[in-house]
Amino acid sequence: MEEKKHKTGFGAQMMYGMAEFFNGGAFVIIGSFFTVFLIKAMGMPPALAGTVPLIGHVWDAITDPMMGNITDRTSAKMGPKRLYMLIGSFATAITFVMLWVPFSTKSTAAMFIFYVIMYCLFSTGSTILMVPYNGLLPDMIDDYALRSKFSNVRMIWSTLGSMVCGVVPTLLITDPTKASMYLKCCLIFGLCFLITCLITVAGTWENQHAPVKSRLVDSFNHAGSVFRNRTFRLFIGIYLTGQCGTDFVTGMAVYYVDDVINGYGNHYFTYLMAAIILSQLIGMLIWGPVMAKTSKRTTILIGAPIRIVSTLLLIPFSNEGASIIPILILACGIGIGNAATLTSIFAIMADMPDVDELVTGVHRPGVVSGMSTFARKISSGLSSWLIGVLLAAVGYSEKIANAGGRQALSTQHGIALVFILMPVILCVCLFIFGYRLPMTEKEFNVIKKEIARRRGEDNSVTTDEEKQICEKVTGLSYDRLWDPKNEWIGRRMSTRVVK
């Protein structure tokens, strides 16, 4: 049956990208304010506050692989991914608001358990939405360049989400010690996330594929098998280091502004976030065409050094009384570098199911996107956990913070070093992973052509050069490709074949 022709112009790209407003925005709010909410408003110790999101994302290690398998197994008239996105839109909006419900108690353990449960509920809602969304584009678009355009518009929406959610809450939450301000702010954003996600559901489509025949209990085996793919392993490295570095900046920015340069009351945090995010939005408009004319890895190799240099240059200005002007200029450099690396990440993600299909012979974008979504969430959880642990390590006092006092000078210096050095280390790793990524448009076209041959849609003979490209991209010898046994890991791989 011939697939229906769909419009792929700018309007379609805009509607596809709108759900990213949630992904780009919600994690900025959570990264910037959730540990602040727990520490400064609720009085939770920093190490415990940082552990709450980490536990929530460990829970994702269960839900994300299962959701990926469920998506691939489902058949629905509107498309399985769009069906689950519809359900996830409501689940995510509701559970996002529940994160910020004040739970005042004298028992630190009870408070910790309450917010762990709330975060796990939010993570589950996010999984139902984002796993199918991350796997949607490969089932909408086959063309390498057109996927890049859709991905770039998606990242523009991500940046818009980051911009709005990075700036507006700083205007609404005028006193970080008042819990009610957080809840009122996030009620507004919960509604915004719901509306934008529903528009994406209404404005997208799916090319139908036969559902994958697998058991739910096999979800984790299938999920682990995607790491057989060399390019996917490198992509996960890119995703973790790129996103974790960005999350670390937004998560530490409140402490940097409030406790190091003592400028929260002067709206310096608003200015800092606005500088990063506005420059990131401008950068998206620059780096999208650059990526289209070069490759999806080129912008990583350009953007990571920009982020590193701009961050290191903050060192002489990281003290109380320093001028905000050079800090904002360098923040713009960080935003431009962020734009370059983030533009690449989601564009590369859209190509991962194709490489996986060449390895396994099975079309399973849900499983691949499940592990990609988990990587995004674990980066956020690791960032929050590291922030909590490192704040405790430099002597941060939640009692002083809750009372609105100034931290010790040694703690201020420690916060500045954490804010600067951790993103730099992560960006160095990002550059290394990006340099090693073996796929450009040339390799992508070879992979797609080889898949067509394996499906019996192309009668041409594979050349030696094409075989070498397939081996370089997948990390497997040519004679081991297109084998359903590759869907399995461990001992079962040698015996079980999915029909």
# chains A, B, ... in the order shown; residues from 1 in each chain; ligands from 1

call {"tool": "residues_around", "arguments": {"residues": "range 309-321 of chain A", "least_positions_apart": "6", "cutoff": "6 Å", "atoms": "only C-alpha atoms", "output": "PyMOL selection string"}}
result
chain A and resi 260-262+330+333-334+420

call {"tool": "write_last_selection", "arguments": {"atoms": "C-alpha atoms", "output": "mmCIF file, in the first residue's frame"}}
result
data_model
loop_
_atom_site.group_PDB
_atom_site.id
_atom_site.type_symbol
_atom_site.label_atom_id
_atom_site.label_comp_id
_atom_site.auth_asym_id
_atom_site.auth_seq_id
_atom_site.Cartn_x
_atom_site.Cartn_y
_atom_site.Cartn_z
ATOM 1 C CA VAL A 260 29.301 33.761 44.326
ATOM 2 C CA ILE A 261 28.615 37.136 42.696
ATOM 3 C CA ASN A 262 25.732 37.976 45.091
ATOM 4 C CA LEU A 330 30.931 35.038 27.964
ATOM 5 C CA GLY A 333 29.635 32.494 23.940
ATOM 6 C CA ILE A 334 28.421 29.536 25.978
ATOM 7 C CA ILE A 420 33.348 26.336 35.599
#

call {"tool": "residues_around", "arguments": {"residues": "Glu466 in chain A", "least_positions_apart": "4", "cutoff": "8 Å", "atoms": "only C-alpha atoms", "output": "ChimeraX atom specification"}}
result
/A:446,462,470

call {"tool": "select_by_dssp", "arguments": {"residues": "range 180-385 of chain A", "states": "helix (DSSP H, G or I)", "output": "PyMOL selection string"}}
result
chain A and resi 180-203+216-228+230-260+264-266+268-293+298-312+315-317+324-349+352-360+365-385

call {"tool": "closest_residue", "arguments": {"among": "A:Phe235, A:Val226, A:Cys429, A:Gly404", "to": "Asn486 in chain A", "atoms": "only C-alpha atoms"}}
result
A:Val226

call {"tool": "residues_around", "arguments": {"residues": "Ala375 in chain A", "least_positions_apart": "4", "cutoff": "8 Å", "atoms": "only C-alpha atoms", "output": "list in words"}}
result
Ile236, Tyr239, Leu240, Met371 and Ser379 of chain A
